[in-house]
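Undergrad: Below is a structure I'd like to ask you about.
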Amino acid sequence: MAVVRLYYRQQPCHHSFQFPNILLPTSSAPAQTPSVNSHPNNPMPPSQAPSLRRAFSSTGSQTRMVPKRRHTHHTPFTPAMLNSKQTLTTISRRNLKNMGSLAESPKSNVLIVGSGGVGTMAAYALEKGGKARVTAVLRSNYAAVEKNGFVINSLDHGDIQGWRPSEIRNSIPNVTKQHNFKPYDYVVVTTKNIADISPGVSEIIAPAISPGHTTIALVQNGLNIERPIIEAFPLNPVISGVSFIGATEEPKGTIKHDDHDVLIVGAFNNPNIPSERSESAAKNFVELYGSCPDIDCVYEPDVKFTRWRKLLYNASYNTVATILRMDTSRMRISEHVIDDLIRPIMMEIRATAAASGVELPIELIDKMIFADTFEAFFKPSMLQDIEKGNFIEFENIVGEPLREAEKLGVPTPTLRVVYGLLKGIQWKVREAKGLVTVPSTGEGLKYGGANRKRIVTA
């Protein structure tokens with residue numbers, strides 16, 4: 001049976017949305033509408049609760065109490081944000097009547113590319129679910145994990161010492177050069193999507209893709225991330241994963257997982273193959289991932305809505321935090337950062353989404369502004385990356401929405417300035433990593449130092 005879960009927080013937490021638990025009916029007995037005023041931190045107006053409950057209770061789904069958890073990271077996904085988009089369905093690990101079951105099938109062969117915090121927790125959930133054999137590609141943490149395995153401190157799974165997936169590798173396997181090798185059914189990409197730095201995702205994963213067979217799951221942020229993948233692999237299904245999880249790696253091989261794992265999955269439109277094939281691949285992946293009893297994997301057919309919704313936060317808070325080196329609570333204290341930057345960017349994203357055919361309810365703006373618990377003084381991921389000297393993934397978060405706006409004739413003046421500033425920050429990282437050579441003279445440069453007499457003004 002399908003299980004639909006609504007995420008509300010019962011107690012105040014260090015960092016996340018705060019809602020009380022709401023349970024849906026589990027039988028034909030008369031349903032009791034829960035009170036949404038039972039907790040002082042609940043920002044949802046009482047009038048919204050009945051409509052939310054009605055929207056989900058008609059599925060005839062079994063419900064389950066979501067355990068009270070301690071959350072310490074930003075989680076911008078709540079039922080209150082769905083509003084007009086009530087199509088989310090969590091697929092039960094027990095039965096999927098309309099799509100066939102994997103219960104008696106052999107384990108799917110899955111490759112995880114990017115085994116930091118998010119990728120490692122994905123690998124663990126897939127293995128724990130029992131329906132996937134996972135190979136994880138490690139980079140800087142390979143030596144530590146090869147020697148000692150992963151140390152995982154998880155609010156969902158507990159404390160795990162010395163864990164390894166079925167196989168670890170320090171490079172992408174080339175399936176064409178291995179004899180009697182079972183092709184990968186899924187290649188799951190959980191790396192940051194640094195679109196302006198080579199090599200790109202399609203080039204990185206190419207050796208592991210079997211044309212026409214492997215499904216490529218992009219568990220990454222941003223807009224239009226599927227386009228270069230579909231261009232490189234036109235006969236393969238490409239699916240979207242929008243992740244809401246708090247998981248970091250520090251030191252190498254040690255994972256701190258402190259926010260519940262919620263993954264929203266849908267199928268990108270690949271015009272070269274039947275849409276039913278892509279949708280089936282997405283639903284099958286939901287069953288694989290959702291077979292782990294401690295996580296929640298959600299199938300959402302409207303991928304565009306899901307990605308534009310998350311951009312409201314990422315294109316504003318994530319980017320402005322990086323530019324100002326400022327956590328979200330201090331932005332709210334200042335007030336002018338919200339009024340002059342955060343809110344205008346969100347409005348520009350919403351207008352661009354509307355022009356592209358995606359209606360984001362206006363109420364989402366304030367919900368996103370207050371998304372982070374004030375006491376957390378939260379630093380978004382892009383700010384954390386720049387503080388570590390890493391590249392930032394701004395092209396798909398800001399550049400792509402900006403290009404969509406220009407194509408559709410939507411004015412986005414704030415987003416344009418933010419984009420220019422982020423490009424400058426990325427240029428400085430490139431220089432620090434030796435990818436930019438700074439010339440000693442400006443000869444030949446557009447804004448170089450041409451030989452001119454200095455003009456002295458009184």
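Ligands are numbered from 1 in the order shown, residues from 1 within each chain, and chains are lettered A, B, ... in the order they appear in the structure tokens.
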Where in region 255-340 of chain A does DSSP assign alpha helix (DSSP H), given as a PyMOL selection string?

TA: chain A and resi 275-290+303-313+319-324+328-334+336-337

Undergrad: Report as number ranges by chain all protein, DNA and RNA residues lying within 10 Å of Arg350 (chain A), evaluated on only C-alpha atoms, omitting residues in the same chain fewer than 6 positions from it.

TA: A: 308-309, 311-312, 344, 356, 358-362, 364-365

Undergrad: Suppose you want the space between CA of Phe244 (chain A) and CA of Val219 (chain A); what is it in Å?

TA: 10.3 Å

Undergrad: Find the residues near region 168-175 of chain A: any atom within 8 Å, counting only C-alpha atoms, skip ones fewer than 2 places away on the same chain, and give them as a PyMOL selection string.

TA: chain A and resi 113+135-139+142+146+164-166+177-178+181+183+204-205+207-210

Undergrad: Create the file for the chosen residues now, containing N, CA, C and O atoms and written as an mmCIF file, in the first residue's frame.

TA:
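Contents of the output file result-v5.cif:
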```cif
data_model
loop_
_atom_site.group_PDB
_atom_site.id
_atom_site.type_symbol
_atom_site.label_atom_id
_atom_site.label_comp_id
_atom_site.auth_asym_id
_atom_site.auth_seq_id
_atom_site.Cartn_x
_atom_site.Cartn_y
_atom_site.Cartn_z
ATOM 1 N N VAL A 113 28.363 8.038 -7.442
ATOM 2 C CA VAL A 113 29.477 8.922 -7.783
ATOM 3 C C VAL A 113 29.390 10.140 -6.864
ATOM 4 O O VAL A 113 28.494 10.969 -6.999
ATOM 5 N N THR A 135 28.241 0.119 -5.474
ATOM 6 C CA THR A 135 29.651 0.448 -5.633
ATOM 7 C C THR A 135 29.787 1.953 -5.436
ATOM 8 O O THR A 135 29.077 2.730 -6.080
ATOM 9 N N ALA A 136 30.668 2.356 -4.554
ATOM 10 C CA ALA A 136 30.866 3.776 -4.270
ATOM 11 C C ALA A 136 32.210 4.230 -4.806
ATOM 12 O O ALA A 136 33.232 3.586 -4.557
ATOM 13 N N VAL A 137 32.196 5.339 -5.544
ATOM 14 C CA VAL A 137 33.433 5.927 -6.054
ATOM 15 C C VAL A 137 33.887 6.994 -5.062
ATOM 16 O O VAL A 137 33.188 7.976 -4.825
ATOM 17 N N LEU A 138 35.061 6.781 -4.474
ATOM 18 C CA LEU A 138 35.620 7.702 -3.496
ATOM 19 C C LEU A 138 36.780 8.466 -4.113
ATOM 20 O O LEU A 138 37.428 7.993 -5.039
ATOM 21 N N ARG A 139 37.044 9.630 -3.571
ATOM 22 C CA ARG A 139 38.184 10.411 -4.055
ATOM 23 C C ARG A 139 39.160 10.618 -2.902
ATOM 24 O O ARG A 139 39.930 9.730 -2.577
ATOM 25 N N TYR A 142 39.308 7.941 -0.059
ATOM 26 C CA TYR A 142 39.454 6.523 -0.403
ATOM 27 C C TYR A 142 40.379 5.790 0.563
ATOM 28 O O TYR A 142 40.051 4.706 1.064
ATOM 29 N N GLU A 146 39.158 2.730 2.814
ATOM 30 C CA GLU A 146 39.725 1.423 2.494
ATOM 31 C C GLU A 146 40.332 0.785 3.736
ATOM 32 O O GLU A 146 40.216 -0.430 3.952
ATOM 33 N N ARG A 164 31.234 -0.441 5.073
ATOM 34 C CA ARG A 164 31.595 -0.276 3.666
ATOM 35 C C ARG A 164 30.439 -0.757 2.801
ATOM 36 O O ARG A 164 29.760 -1.720 3.153
ATOM 37 N N PRO A 165 30.220 -0.099 1.658
ATOM 38 C CA PRO A 165 29.263 -0.664 0.693
ATOM 39 C C PRO A 165 29.838 -1.932 0.087
ATOM 40 O O PRO A 165 30.952 -2.353 0.432
ATOM 41 N N SER A 166 29.108 -2.538 -0.809
ATOM 42 C CA SER A 166 29.566 -3.803 -1.398
ATOM 43 C C SER A 166 30.941 -3.672 -2.042
ATOM 44 O O SER A 166 31.758 -4.598 -2.004
ATOM 45 N N LYS A 177 35.451 -2.193 -20.686
ATOM 46 C CA LYS A 177 36.755 -2.861 -20.628
ATOM 47 C C LYS A 177 36.798 -3.984 -19.605
ATOM 48 O O LYS A 177 37.868 -4.529 -19.322
ATOM 49 N N GLN A 178 35.641 -4.333 -19.037
ATOM 50 C CA GLN A 178 35.600 -5.393 -18.040
ATOM 51 C C GLN A 178 34.783 -6.561 -18.570
ATOM 52 O O GLN A 178 33.641 -6.396 -18.997
ATOM 53 N N PHE A 181 31.026 -8.400 -16.956
ATOM 54 C CA PHE A 181 30.640 -7.391 -15.964
ATOM 55 C C PHE A 181 29.173 -7.049 -16.132
ATOM 56 O O PHE A 181 28.717 -6.747 -17.238
ATOM 57 N N PRO A 183 26.229 -4.728 -16.194
ATOM 58 C CA PRO A 183 26.137 -3.265 -16.342
ATOM 59 C C PRO A 183 25.410 -2.644 -15.158
ATOM 60 O O PRO A 183 24.592 -3.289 -14.502
ATOM 61 N N ILE A 204 32.486 12.798 -16.681
ATOM 62 C CA ILE A 204 32.949 12.019 -15.528
ATOM 63 C C ILE A 204 32.317 10.631 -15.502
ATOM 64 O O ILE A 204 32.998 9.618 -15.286
ATOM 65 N N ILE A 205 31.010 10.556 -15.740
ATOM 66 C CA ILE A 205 30.307 9.275 -15.583
ATOM 67 C C ILE A 205 30.307 8.424 -16.835
ATOM 68 O O ILE A 205 29.926 7.245 -16.783
ATOM 69 N N PRO A 207 32.311 6.535 -18.649
ATOM 70 C CA PRO A 207 32.798 5.151 -18.700
ATOM 71 C C PRO A 207 31.873 4.133 -18.033
ATOM 72 O O PRO A 207 31.924 2.947 -18.354
ATOM 73 N N ALA A 208 31.016 4.587 -17.130
ATOM 74 C CA ALA A 208 30.164 3.658 -16.375
ATOM 75 C C ALA A 208 28.779 3.476 -16.984
ATOM 76 O O ALA A 208 28.000 2.659 -16.496
ATOM 77 N N ILE A 209 28.469 4.211 -18.035
ATOM 78 C CA ILE A 209 27.119 4.183 -18.606
ATOM 79 C C ILE A 209 27.028 3.158 -19.737
ATOM 80 O O ILE A 209 27.818 3.178 -20.683
ATOM 81 N N SER A 210 26.043 2.289 -19.637
ATOM 82 C CA SER A 210 25.731 1.364 -20.729
ATOM 83 C C SER A 210 24.594 1.979 -21.547
ATOM 84 O O SER A 210 23.482 2.140 -21.025
#
```

Undergrad: What's around Ala122 (chain A) at 9 Å? Count only C-alpha atoms, leave out sequence neighbours fewer than 5 positions away in its own chain, and write the answer as a PDB file with C-alpha atoms, in the first residue's frame.

TA:
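File produced: selection16.pdb:
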```pdb
ATOM      1  CA  ILE A 112      27.299   6.100  -6.450  1.00  0.00           C
ATOM      2  CA  SER A 115      30.659   9.599  -1.597  1.00  0.00           C
ATOM      3  CA  GLY A 117      28.055  13.027   3.323  1.00  0.00           C
ATOM      4  CA  GLU A 127      22.338  -1.312   0.920  1.00  0.00           C
ATOM      5  CA  THR A 190      25.591  13.113  -5.646  1.00  0.00           C
ATOM      6  CA  ASP A 261      16.773  11.741   4.914  1.00  0.00           C
ATOM      7  CA  TYR A 289      15.741   3.685  -1.971  1.00  0.00           C
TER       8      TYR A 289
END
```

Undergrad: Give the strand (DSSP E or B) residues of region 292-447 of chain A, as DSSP finds them on the backbone, and put them as a PyMOL selection string.

TA: chain A and resi 296-299

Undergrad: May I have the residues from that selection written out with N, CA, C and O atoms, as a PDB file, in the first residue's frame?

TA:
```pdb
ATOM      1  N   ASP A 296      12.728   8.382   3.961  1.00  0.00           N
ATOM      2  CA  ASP A 296      11.491   8.623   3.216  1.00  0.00           C
ATOM      3  C   ASP A 296      11.829   9.036   1.794  1.00  0.00           C
ATOM      4  O   ASP A 296      12.558  10.007   1.579  1.00  0.00           O
ATOM      5  N   CYS A 297      11.326   8.271   0.857  1.00  0.00           N
ATOM      6  CA  CYS A 297      11.571   8.535  -0.557  1.00  0.00           C
ATOM      7  C   CYS A 297      10.229   8.803  -1.224  1.00  0.00           C
ATOM      8  O   CYS A 297       9.282   8.018  -1.111  1.00  0.00           O
ATOM      9  N   VAL A 298      10.138   9.929  -1.904  1.00  0.00           N
ATOM     10  CA  VAL A 298       8.873  10.451  -2.414  1.00  0.00           C
ATOM     11  C   VAL A 298       8.908  10.528  -3.933  1.00  0.00           C
ATOM     12  O   VAL A 298       9.882  11.019  -4.508  1.00  0.00           O
ATOM     13  N   TYR A 299       7.871  10.031  -4.569  1.00  0.00           N
ATOM     14  CA  TYR A 299       7.752  10.179  -6.014  1.00  0.00           C
ATOM     15  C   TYR A 299       6.929  11.427  -6.333  1.00  0.00           C
ATOM     16  O   TYR A 299       5.824  11.599  -5.851  1.00  0.00           O
TER      17      TYR A 299
END
```

Undergrad: Smallest atom-to-atom distance to Pro211 (chain A): which of A:Ile295, A:Ala354, A:Ile230, A:Leu445, using only C-alpha atoms?

TA: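 So, comparing all the options, the nearest one is A:Ile230.
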
Undergrad: Write out as a tab-separated table a residue-level contact list of region 193-239 of chain A versus region 425-429 of chain A with cut-off 12 Å: for each qualifying residue the closest pair of atoms and the distance in Å to one decimal, counting only C-alpha atoms, rows sorted by chain and residue number upward.

TA:
```
residue	atom	partner	partner_atom	distance
A:Ile194	CA	A:Gln426	CA	10.3
A:Ala195	CA	A:Gln426	CA	11.6
A:Asp196	CA	A:Gln426	CA	9.3
A:Ile197	CA	A:Gln426	CA	9.8
```

Undergrad: Just how far from CA of Ile225 (chain A) is CA of Thr306 (chain A), in Å to one decimal?

TA: 13.4 Å
